[in-house]
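> Following this line is upload-v5.pdb, made up of PDB, C-alpha atoms and all ligand atoms:
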```
ATOM      1  CA  PRO K   8     -20.183 -13.222 -73.163
ATOM      2  CA  ARG K   9     -23.325 -13.358 -71.073
ATOM      3  CA  PRO K  10     -22.814 -11.549 -67.759
ATOM      4  CA  ILE K  11     -23.784 -13.501 -64.633
ATOM      5  CA  ILE K  12     -23.765 -13.115 -60.872
ATOM      6  CA  LEU K  13     -23.448 -16.355 -58.888
ATOM      7  CA  ASP K  14     -25.210 -16.412 -55.528
ATOM      8  CA  CYS K  15     -24.147 -19.657 -53.853
ATOM      9  CA  ASP K  16     -23.602 -21.527 -50.585
ATOM     10  CA  PRO K  17     -20.434 -23.570 -51.249
ATOM     11  CA  GLY K  18     -20.971 -26.497 -50.807
ATOM     12  CA  HIS K  19     -19.330 -29.090 -53.071
ATOM     13  CA  ASP K  20     -21.667 -28.805 -56.036
ATOM     14  CA  ASP K  21     -21.726 -24.999 -55.729
ATOM     15  CA  ALA K  22     -17.932 -25.072 -55.873
ATOM     16  CA  ILE K  23     -18.045 -27.129 -59.076
ATOM     17  CA  ALA K  24     -20.615 -24.728 -60.565
ATOM     18  CA  LEU K  25     -18.177 -21.892 -59.806
ATOM     19  CA  ILE K  26     -15.212 -23.747 -61.308
ATOM     20  CA  LEU K  27     -17.218 -24.422 -64.478
ATOM     21  CA  ALA K  28     -18.573 -20.879 -64.733
ATOM     22  CA  LEU K  29     -14.994 -19.599 -64.706
ATOM     23  CA  ALA K  30     -14.121 -22.056 -67.477
ATOM     24  CA  CYS K  31     -16.837 -20.912 -69.898
ATOM     25  CA  PRO K  32     -15.854 -18.139 -72.315
ATOM     26  CA  ALA K  33     -19.573 -17.732 -73.053
ATOM     27  CA  LEU K  34     -20.053 -16.443 -69.500
ATOM     28  CA  GLU K  35     -18.603 -13.462 -67.695
ATOM     29  CA  LEU K  36     -18.729 -13.903 -63.932
ATOM     30  CA  LEU K  37     -19.180 -10.389 -62.552
ATOM     31  CA  ALA K  38     -19.530 -11.217 -58.859
ATOM     32  CA  VAL K  39     -19.932 -14.041 -56.371
ATOM     33  CA  THR K  40     -22.285 -13.592 -53.433
ATOM     34  CA  THR K  41     -22.847 -16.110 -50.693
ATOM     35  CA  SER K  42     -25.976 -17.338 -48.993
ATOM     36  CA  ALA K  43     -26.470 -19.251 -45.775
ATOM     37  CA  GLY K  44     -27.499 -22.831 -46.523
ATOM     38  CA  ASN K  45     -25.145 -25.759 -46.821
ATOM     39  CA  GLN K  46     -23.222 -24.236 -43.950
ATOM     40  CA  THR K  47     -23.414 -21.111 -41.800
ATOM     41  CA  PRO K  48     -22.955 -17.783 -43.609
ATOM     42  CA  ASP K  49     -19.434 -17.207 -42.266
ATOM     43  CA  LYS K  50     -18.351 -20.593 -43.646
ATOM     44  CA  THR K  51     -19.980 -20.283 -47.082
ATOM     45  CA  LEU K  52     -18.374 -16.853 -47.509
ATOM     46  CA  ARG K  53     -14.997 -18.173 -46.421
ATOM     47  CA  ASN K  54     -15.363 -21.095 -48.813
ATOM     48  CA  ALA K  55     -16.043 -18.790 -51.765
ATOM     49  CA  LEU K  56     -12.903 -16.828 -50.888
ATOM     50  CA  ARG K  57     -10.837 -20.000 -50.470
ATOM     51  CA  LEU K  58     -12.039 -21.347 -53.824
ATOM     52  CA  LEU K  59     -11.221 -18.139 -55.691
ATOM     53  CA  THR K  60      -7.867 -17.945 -53.919
ATOM     54  CA  TYR K  61      -7.069 -21.494 -55.046
ATOM     55  CA  LEU K  62      -8.227 -20.745 -58.592
ATOM     56  CA  ASP K  63      -6.188 -17.533 -58.615
ATOM     57  CA  ARG K  64      -9.261 -15.412 -59.366
ATOM     58  CA  ARG K  65      -9.040 -12.790 -56.634
ATOM     59  CA  ASP K  66     -10.221 -10.299 -59.234
ATOM     60  CA  ILE K  67     -13.814 -11.524 -58.787
ATOM     61  CA  PRO K  68     -15.639  -9.420 -56.188
ATOM     62  CA  VAL K  69     -17.179 -11.462 -53.374
ATOM     63  CA  ALA K  70     -19.658 -10.423 -50.702
ATOM     64  CA  GLY K  71     -21.414 -12.240 -47.897
ATOM     65  CA  GLY K  72     -25.180 -12.296 -47.652
ATOM     66  CA  ALA K  73     -28.036 -12.593 -45.189
ATOM     67  CA  VAL K  74     -27.124 -14.571 -42.100
ATOM     68  CA  LYS K  75     -30.454 -16.404 -41.950
ATOM     69  CA  PRO K  76     -33.602 -17.010 -43.989
ATOM     70  CA  LEU K  77     -36.221 -14.247 -44.168
ATOM     71  CA  ASN K  78     -38.636 -15.593 -41.525
ATOM     72  CA  ARG K  79     -37.038 -18.751 -40.210
ATOM     73  CA  GLU K  80     -34.062 -20.170 -38.408
ATOM     74  CA  LEU K  81     -31.252 -21.496 -40.590
ATOM     75  CA  ILE K  82     -31.042 -25.194 -41.390
ATOM     76  CA  ILE K  83     -27.664 -26.415 -42.672
ATOM     77  CA  ALA K  84     -26.620 -29.496 -44.658
ATOM     78  CA  ASP K  85     -23.462 -30.468 -42.781
ATOM     79  CA  ASN K  86     -24.519 -34.106 -43.196
ATOM     80  CA  VAL K  87     -23.850 -33.653 -46.930
ATOM     81  CA  HIS K  88     -21.025 -31.081 -47.013
ATOM     82  CA  GLY K  89     -19.226 -31.585 -43.697
ATOM     83  CA  GLU K  90     -18.088 -29.305 -40.906
ATOM     84  CA  SER K  91     -16.414 -26.751 -43.181
ATOM     85  CA  GLY K  92     -19.065 -26.923 -45.912
ATOM     86  CA  LEU K  93     -16.326 -28.119 -48.277
ATOM     87  CA  ASP K  94     -14.844 -31.099 -46.474
ATOM     88  CA  GLY K  95     -12.428 -33.260 -48.453
ATOM     89  CA  PRO K  96      -9.891 -31.211 -50.397
ATOM     90  CA  GLN K  97      -7.170 -29.083 -48.829
ATOM     91  CA  LEU K  98      -7.945 -25.484 -49.682
ATOM     92  CA  PRO K  99      -5.803 -22.441 -48.852
ATOM     93  CA  GLU K 100      -6.880 -19.768 -46.418
ATOM     94  CA  PRO K 101      -8.492 -16.789 -48.170
ATOM     95  CA  ALA K 102      -5.804 -14.514 -49.603
ATOM     96  CA  PHE K 103      -8.178 -11.621 -50.184
ATOM     97  CA  ALA K 104     -11.032  -9.922 -48.403
ATOM     98  CA  PRO K 105     -14.695  -9.784 -49.293
ATOM     99  CA  GLN K 106     -16.144  -6.453 -50.398
ATOM    100  CA  ALA K 107     -17.065  -4.173 -47.510
ATOM    101  CA  ILE K 108     -20.709  -4.275 -48.613
ATOM    102  CA  THR K 109     -23.409  -6.930 -48.347
ATOM    103  CA  ALA K 110     -24.246  -9.498 -50.993
ATOM    104  CA  VAL K 111     -27.418  -7.611 -51.847
ATOM    105  CA  GLU K 112     -25.516  -4.334 -52.188
ATOM    106  CA  LEU K 113     -22.897  -5.984 -54.386
ATOM    107  CA  MET K 114     -25.611  -7.483 -56.595
ATOM    108  CA  ALA K 115     -27.319  -4.080 -56.863
ATOM    109  CA  LYS K 116     -24.058  -2.283 -57.642
ATOM    110  CA  THR K 117     -23.140  -4.883 -60.260
ATOM    111  CA  LEU K 118     -26.546  -4.635 -61.934
ATOM    112  CA  ARG K 119     -26.471  -0.840 -61.883
ATOM    113  CA  GLU K 120     -23.030  -0.700 -63.473
ATOM    114  CA  ALA K 121     -23.698  -3.383 -66.094
ATOM    115  CA  ASN K 122     -24.320  -2.140 -69.615
ATOM    116  CA  GLN K 123     -26.656  -5.024 -70.409
ATOM    117  CA  PRO K 124     -29.101  -7.139 -68.374
ATOM    118  CA  VAL K 125     -27.412  -9.686 -66.132
ATOM    119  CA  THR K 126     -28.400 -13.298 -65.402
ATOM    120  CA  LEU K 127     -28.645 -14.173 -61.711
ATOM    121  CA  VAL K 128     -27.651 -17.748 -60.952
ATOM    122  CA  ALA K 129     -28.716 -18.909 -57.482
ATOM    123  CA  THR K 130     -27.461 -22.260 -56.256
ATOM    124  CA  GLY K 131     -28.328 -21.869 -52.573
ATOM    125  CA  PRO K 132     -31.413 -20.693 -50.704
ATOM    126  CA  GLN K 133     -32.782 -17.572 -52.425
ATOM    127  CA  THR K 134     -32.694 -15.211 -49.431
ATOM    128  CA  ASN K 135     -30.269 -12.722 -51.011
ATOM    129  CA  VAL K 136     -32.086 -12.731 -54.336
ATOM    130  CA  ALA K 137     -35.421 -12.068 -52.607
ATOM    131  CA  LEU K 138     -33.928  -9.175 -50.635
ATOM    132  CA  LEU K 139     -32.493  -7.732 -53.839
ATOM    133  CA  LEU K 140     -35.853  -7.959 -55.607
ATOM    134  CA  ALA K 141     -37.668  -6.366 -52.668
ATOM    135  CA  GLY K 142     -35.114  -3.653 -52.016
ATOM    136  CA  TYR K 143     -34.331  -2.555 -55.561
ATOM    137  CA  PRO K 144     -37.463  -2.707 -57.748
ATOM    138  CA  GLU K 145     -35.845  -0.221 -60.141
ATOM    139  CA  LEU K 146     -33.194  -2.840 -60.951
ATOM    140  CA  HIS K 147     -35.603  -5.602 -62.025
ATOM    141  CA  SER K 148     -35.219  -4.505 -65.633
ATOM    142  CA  LYS K 149     -31.460  -5.096 -65.328
ATOM    143  CA  ILE K 150     -32.039  -8.783 -64.501
ATOM    144  CA  GLU K 151     -32.254 -10.881 -67.633
ATOM    145  CA  ARG K 152     -33.438 -14.000 -65.846
ATOM    146  CA  ILE K 153     -32.959 -15.923 -62.619
ATOM    147  CA  VAL K 154     -31.612 -19.441 -63.015
ATOM    148  CA  ILE K 155     -31.993 -21.418 -59.824
ATOM    149  CA  MET K 156     -31.058 -24.824 -58.570
ATOM    150  CA  GLY K 157     -34.004 -25.606 -56.374
ATOM    151  CA  GLY K 158     -37.320 -27.327 -56.081
ATOM    152  CA  ALA K 159     -38.761 -30.380 -57.764
ATOM    153  CA  ALA K 160     -41.884 -31.200 -59.712
ATOM    154  CA  ALA K 161     -41.756 -34.662 -58.189
ATOM    155  CA  LEU K 162     -40.013 -35.800 -55.014
ATOM    156  CA  GLY K 163     -38.127 -33.804 -52.403
ATOM    157  CA  ASN K 164     -34.685 -34.572 -50.985
ATOM    158  CA  TRP K 165     -34.971 -32.863 -47.585
ATOM    159  CA  THR K 166     -38.555 -33.718 -46.807
ATOM    160  CA  PRO K 167     -40.767 -35.990 -48.897
ATOM    161  CA  ALA K 168     -42.106 -32.860 -50.600
ATOM    162  CA  ALA K 169     -39.276 -30.315 -50.496
ATOM    163  CA  GLU K 170     -35.855 -29.798 -51.990
ATOM    164  CA  PHE K 171     -33.232 -28.334 -49.610
ATOM    165  CA  ASN K 172     -32.705 -24.843 -51.097
ATOM    166  CA  ILE K 173     -36.434 -24.084 -51.170
ATOM    167  CA  PHE K 174     -37.067 -25.733 -47.797
ATOM    168  CA  VAL K 175     -34.472 -23.503 -46.120
ATOM    169  CA  ASP K 176     -36.196 -20.286 -47.229
ATOM    170  CA  PRO K 177     -39.596 -20.890 -48.814
ATOM    171  CA  GLU K 178     -40.697 -17.265 -48.393
ATOM    172  CA  ALA K 179     -37.679 -16.089 -50.386
ATOM    173  CA  ALA K 180     -38.338 -18.642 -53.134
ATOM    174  CA  ASP K 181     -41.983 -17.562 -53.230
ATOM    175  CA  MET K 182     -40.864 -13.973 -53.898
ATOM    176  CA  VAL K 183     -38.566 -15.124 -56.691
ATOM    177  CA  PHE K 184     -41.269 -17.131 -58.497
ATOM    178  CA  LYS K 185     -43.760 -14.267 -58.089
ATOM    179  CA  SER K 186     -41.323 -11.583 -59.239
ATOM    180  CA  GLY K 187     -42.381 -11.456 -62.885
ATOM    181  CA  ILE K 188     -38.744 -11.954 -63.899
ATOM    182  CA  PRO K 189     -38.226 -15.099 -66.021
ATOM    183  CA  VAL K 190     -37.181 -17.978 -63.749
ATOM    184  CA  VAL K 191     -35.416 -21.137 -64.892
ATOM    185  CA  MET K 192     -35.800 -23.957 -62.382
ATOM    186  CA  CYS K 193     -33.185 -26.696 -62.381
ATOM    187  CA  GLY K 194     -34.894 -28.868 -59.795
ATOM    188  CA  LEU K 195     -34.315 -32.405 -58.635
ATOM    189  CA  ASP K 196     -36.249 -33.741 -61.640
ATOM    190  CA  VAL K 197     -33.283 -32.847 -63.803
ATOM    191  CA  THR K 198     -30.407 -32.703 -61.305
ATOM    192  CA  HIS K 199     -30.976 -36.314 -60.230
ATOM    193  CA  GLN K 200     -30.288 -37.213 -63.866
ATOM    194  CA  ALA K 201     -26.979 -35.282 -63.730
ATOM    195  CA  GLN K 202     -25.195 -38.122 -61.971
ATOM    196  CA  ILE K 203     -21.461 -38.295 -61.962
ATOM    197  CA  MET K 204     -20.038 -41.823 -61.688
ATOM    198  CA  GLU K 205     -16.741 -43.052 -60.224
ATOM    199  CA  GLU K 206     -15.281 -43.541 -63.713
ATOM    200  CA  ASP K 207     -16.221 -39.955 -64.648
ATOM    201  CA  ILE K 208     -14.349 -38.695 -61.591
ATOM    202  CA  GLU K 209     -11.266 -40.572 -62.777
ATOM    203  CA  ARG K 210     -11.559 -38.908 -66.195
ATOM    204  CA  ILE K 211     -11.524 -35.568 -64.380
ATOM    205  CA  ARG K 212      -8.670 -36.495 -62.035
ATOM    206  CA  VAL K 213      -6.325 -37.543 -64.835
ATOM    207  CA  LEU K 214      -6.634 -34.134 -66.490
ATOM    208  CA  GLY K 215      -4.089 -33.268 -63.847
ATOM    209  CA  ASN K 216      -4.533 -29.511 -63.565
ATOM    210  CA  PRO K 217      -5.283 -27.757 -60.253
ATOM    211  CA  ALA K 218      -8.970 -27.146 -61.067
ATOM    212  CA  SER K 219      -9.586 -30.735 -62.170
ATOM    213  CA  GLN K 220      -7.708 -32.043 -59.138
ATOM    214  CA  LEU K 221      -9.897 -29.950 -56.849
ATOM    215  CA  THR K 222     -13.061 -31.030 -58.673
ATOM    216  CA  ALA K 223     -12.130 -34.703 -58.323
ATOM    217  CA  GLU K 224     -11.436 -34.283 -54.608
ATOM    218  CA  LEU K 225     -14.713 -32.417 -54.079
ATOM    219  CA  LEU K 226     -16.522 -35.231 -55.863
ATOM    220  CA  ASP K 227     -14.779 -37.931 -53.818
ATOM    221  CA  PHE K 228     -16.315 -36.403 -50.699
ATOM    222  CA  PHE K 229     -19.669 -35.570 -52.304
ATOM    223  CA  MET K 230     -20.049 -39.215 -53.343
ATOM    224  CA  ILE K 231     -20.079 -40.434 -49.750
ATOM    225  CA  TYR K 232     -23.505 -39.054 -48.803
ATOM    226  CA  HIS K 233     -25.057 -40.187 -52.073
ATOM    227  CA  ARG K 234     -23.880 -43.794 -51.757
ATOM    228  CA  ASP K 235     -26.720 -44.532 -49.330
ATOM    229  CA  PRO K 236     -28.809 -47.113 -51.194
ATOM    230  CA  LYS K 237     -32.050 -45.349 -50.227
ATOM    231  CA  TRP K 238     -31.465 -42.875 -53.071
ATOM    232  CA  GLY K 239     -31.030 -45.540 -55.722
ATOM    233  CA  PHE K 240     -28.214 -43.521 -57.307
ATOM    234  CA  GLU K 241     -25.303 -44.979 -59.232
ATOM    235  CA  GLY K 242     -23.276 -41.804 -58.744
ATOM    236  CA  ALA K 243     -23.757 -38.384 -57.178
ATOM    237  CA  PRO K 244     -26.210 -35.809 -58.558
ATOM    238  CA  LEU K 245     -24.458 -32.632 -59.681
ATOM    239  CA  HIS K 246     -27.287 -30.292 -58.770
ATOM    240  CA  ASP K 247     -25.757 -26.826 -58.949
ATOM    241  CA  PRO K 248     -23.606 -27.276 -62.096
ATOM    242  CA  CYS K 249     -26.840 -27.891 -64.052
ATOM    243  CA  THR K 250     -27.512 -24.135 -63.900
ATOM    244  CA  ILE K 251     -24.235 -23.315 -65.640
ATOM    245  CA  ALA K 252     -24.620 -26.150 -68.135
ATOM    246  CA  TRP K 253     -28.151 -24.992 -68.997
ATOM    247  CA  LEU K 254     -26.856 -21.477 -69.683
ATOM    248  CA  VAL K 255     -24.104 -22.525 -72.044
ATOM    249  CA  LYS K 256     -25.464 -25.784 -73.514
ATOM    250  CA  PRO K 257     -29.267 -25.556 -73.395
ATOM    251  CA  GLU K 258     -29.467 -28.192 -76.129
ATOM    252  CA  MET K 259     -28.483 -30.822 -73.542
ATOM    253  CA  PHE K 260     -31.734 -30.142 -71.650
ATOM    254  CA  THR K 261     -35.494 -30.416 -72.106
ATOM    255  CA  SER K 262     -37.849 -28.027 -70.369
ATOM    256  CA  ARG K 263     -41.472 -27.002 -70.079
ATOM    257  CA  GLU K 264     -43.065 -23.620 -69.377
ATOM    258  CA  CYS K 265     -45.178 -23.943 -66.217
ATOM    259  CA  TRP K 266     -46.688 -21.943 -63.423
ATOM    260  CA  VAL K 267     -44.782 -22.716 -60.211
ATOM    261  CA  GLY K 268     -45.854 -21.778 -56.692
ATOM    262  CA  VAL K 269     -44.132 -22.396 -53.366
ATOM    263  CA  GLU K 270     -45.920 -23.972 -50.420
ATOM    264  CA  THR K 271     -45.029 -21.877 -47.371
ATOM    265  CA  LYS K 272     -47.602 -23.174 -44.892
ATOM    266  CA  GLY K 273     -48.395 -26.844 -45.518
ATOM    267  CA  GLU K 274     -48.310 -29.302 -42.655
ATOM    268  CA  TYR K 275     -46.286 -31.829 -44.663
ATOM    269  CA  THR K 276     -45.363 -29.776 -47.689
ATOM    270  CA  GLN K 277     -43.497 -26.639 -46.555
ATOM    271  CA  GLY K 278     -40.977 -25.644 -49.162
ATOM    272  CA  MET K 279     -42.570 -27.733 -51.898
ATOM    273  CA  THR K 280     -42.550 -26.270 -55.386
ATOM    274  CA  VAL K 281     -46.010 -26.852 -56.859
ATOM    275  CA  VAL K 282     -45.486 -27.258 -60.605
ATOM    276  CA  ASP K 283     -48.602 -26.900 -62.754
ATOM    277  CA  TYR K 284     -47.323 -29.289 -65.384
ATOM    278  CA  TYR K 285     -50.755 -29.914 -66.967
ATOM    279  CA  GLN K 286     -51.928 -26.267 -66.796
ATOM    280  CA  LEU K 287     -54.677 -27.158 -64.368
ATOM    281  CA  THR K 288     -54.779 -23.795 -62.602
ATOM    282  CA  GLY K 289     -55.079 -21.621 -65.679
ATOM    283  CA  LYS K 290     -52.344 -19.418 -64.196
ATOM    284  CA  PRO K 291     -49.851 -18.138 -66.760
ATOM    285  CA  ALA K 292     -46.458 -19.833 -66.776
ATOM    286  CA  ASN K 293     -43.833 -18.039 -64.691
ATOM    287  CA  THR K 294     -41.012 -20.597 -64.952
ATOM    288  CA  THR K 295     -39.028 -22.644 -67.411
ATOM    289  CA  VAL K 296     -39.004 -25.960 -65.573
ATOM    290  CA  VAL K 297     -36.026 -28.028 -66.713
ATOM    291  CA  THR K 298     -37.197 -31.625 -66.761
ATOM    292  CA  ASP K 299     -34.642 -33.827 -68.531
ATOM    293  CA  MET K 300     -31.022 -33.875 -69.616
ATOM    294  CA  GLN K 301     -28.431 -35.902 -71.491
ATOM    295  CA  ARG K 302     -26.115 -37.193 -68.802
ATOM    296  CA  GLU K 303     -23.249 -38.330 -71.002
ATOM    297  CA  ALA K 304     -23.129 -35.107 -72.994
ATOM    298  CA  PHE K 305     -23.144 -33.194 -69.701
ATOM    299  CA  VAL K 306     -20.199 -35.172 -68.326
ATOM    300  CA  ASP K 307     -18.278 -34.812 -71.609
ATOM    301  CA  TRP K 308     -18.890 -31.065 -71.481
ATOM    302  CA  MET K 309     -17.607 -30.891 -67.898
ATOM    303  CA  VAL K 310     -14.467 -32.844 -68.719
ATOM    304  CA  GLU K 311     -13.863 -30.728 -71.798
ATOM    305  CA  ARG K 312     -14.248 -27.461 -69.843
ATOM    306  CA  LEU K 313     -12.015 -28.655 -66.999
ATOM    307  CA  ALA K 314      -9.339 -29.706 -69.499
ATOM    308  CA  HIS K 315      -8.997 -26.051 -70.472
ATOM    309  CA  TYR K 316      -7.690 -25.044 -67.057
ATOM    310  CA  SER K 317      -3.932 -24.853 -66.829
TER
HETATM  311  C1  LIG S   1     -29.043 -28.387 -53.157
HETATM  312  O1  LIG S   1     -28.797 -28.418 -51.757
HETATM  313  C2  LIG S   1     -27.436 -28.253 -51.503
HETATM  314  O2  LIG S   1     -26.968 -29.165 -50.556
HETATM  315  C3  LIG S   1     -26.706 -28.379 -52.817
HETATM  316  O3  LIG S   1     -25.594 -27.511 -52.840
HETATM  317  C4  LIG S   1     -27.749 -28.006 -53.826
HETATM  318  O4  LIG S   1     -27.746 -26.602 -54.062
HETATM  319  C5  LIG S   1     -29.619 -29.710 -53.579
HETATM  320  O5  LIG S   1     -30.858 -29.934 -52.951
HETATM  321 CA    CA S   2     -25.971 -25.188 -53.290
END
```
Take the structure in the file and give it back as structure tokens.
Ligand code: BDR
Ligand code: CA

Amino acid sequence: PRPIILDCDPGHDDAIALILALACPALELLAVTTSAGNQTPDKTLRNALRLLTYLDRRDIPVAGGAVKPLNRELIIADNVHGESGLDGPQLPEPAFAPQAITAVELMAKTLREANQPVTLVATGPQTNVALLLAGYPELHSKIERIVIMGGAAALGNWTPAAEFNIFVDPEAADMVFKSGIPVVMCGLDVTHQAQIMEEDIERIRVLGNPASQLTAELLDFFMIYHRDPKWGFEGAPLHDPCTIAWLVKPEMFTSRECWVGVETKGEYTQGMTVVDYYQLTGKPANTTVVTDMQREAFVDWMVERLAHYS
């Protein structure tokens, strides 16, 4: 299996990415680290512990990350994910403790001990990943690639120009894109195609195992925010699970190699990912920009993976 570390800010769609990652024999989840984003860092860490407690996977090491973005104050998405960051389902209290080291230290330790390069999957703001890259240059060669949910070639979802994860910590994202490590960007261009509909949620609910039950309840809540007609959605976009799906079923996706930069200073465009789709800058590509996906195949894959939980 391909070894991965999941750096996340659960968050409903982060939680579903975690549930799916644990259900893929093609992946080996070595560690879960948490970033501040959808909720405050104490809550995202607690949520990761509650999820792994519920899923009976206390064997996965967890560590909490940076309490705020590199150069900015934290912005949270409690309008999307609620007061706890995972409003909706009833989750148990954490039945195990996080590692007594930071997220960045746990990532570094995991990379150092791995006998092959590891894929970093980041589904929250990239603060921890940026700190890892800056603090441990000798470990860059142990990172196979960085697969992020973040950014957009087209429209933003937090400002007209910016997607939430990049908007929260643009300086961190800038460091990730400039790192020289291959980056895969699952941005809003593709994640807005990954819509889950009410009838799909029912397919998941009737599977009737604890993981599918939790997924359905997470989706029930996640739907609420996305029902606002301004988005023009039929369902809810499963942003973060696209990273896991891309890793195990790349044939469901279309992508393009592009140079991507992050706007850190613009008056209207802070946190925008500038995607050189037409190679206008002459800069070499630094990112695999995932542009399109097959929604029905994606949903079938999710249902099939969730059916394997007992
Ligand atoms: C991203 O922002 C968060 O609210 C989601 O978890 C996802 O990672 C979408 O813009
Ligand atoms: Ca997230």
> Expand the PyMOL selection byres (((not hetatm)) within 9 of (chain S and resi 1)) into the individual residues it matches in the shown file, reporting them as number ranges by chain.
K: 15-22, 44-45, 83-85, 87-88, 129-132, 155-158, 163-165, 169-173, 194-195, 198, 244-247
> Work out how far apart CA of Glu264 in chain K and CA of Leu29 in chain K are and give it in Å to one decimal.
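Interatomic distance here is 28.7 Å.
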> Set the distance at 8 Å and use only C-alpha atoms: which residues neighbour Pro76 in chain K once local chain neighbours fewer than 6 positions away are removed? I'd like the list as an MDAnalysis selection string.
chainID K and resid 43 132 134 175:176 179
> Just checking: using only C-alpha atoms and all ligand atoms, which residue out of K:Ala24, K:Leu127, K:Val306, K:Leu56 ends up closest to ligand CA 2 (chain S)?
K:Ala24
> When the PyMOL selection byres (((chain K and resi 265) around 10) and not hetatm) is applied to the structure above, which residues does it catch, written out as a list of chain:residue names?
K:Ser262, K:Arg263, K:Glu264, K:Trp266, K:Val267, K:Gly268, K:Val281, K:Val282, K:Asp283, K:Tyr284, K:Tyr285, K:Gln286, K:Lys290, K:Pro291, K:Ala292, K:Asn293, K:Thr294, K:Thr295, K:Val296
> I'd like to know which of K:Leu25, K:Leu36, K:Leu93, K:Val125 is closest to Thr51 in chain K, using only C-alpha atoms.
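Using only C-alpha atoms, the shortest distance to Thr51 in chain K belongs to K:Leu93.
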> Please list as a VMD selection string every residue within 9 Å of Leu113 in chain K, counting all atoms listed in the file and excluding residues in the same chain fewer than 6 positions away.
chain K and resid 38 to 40 68 to 70 106
> Extract, using all atoms listed in the file, all DNA, RNA and protein residues at most 10 Å from His147 in chain K, discarding same-chain residues fewer than 4 positions from it, and format them as a ChimeraX atom specification.
/K:115,118,124,139-141,143,151-152,186-188
> Have a look at CA of Glu178 in chain K and CA of Glu80 in chain K and let me know their distance in Å, one decimal.
12.3 Å
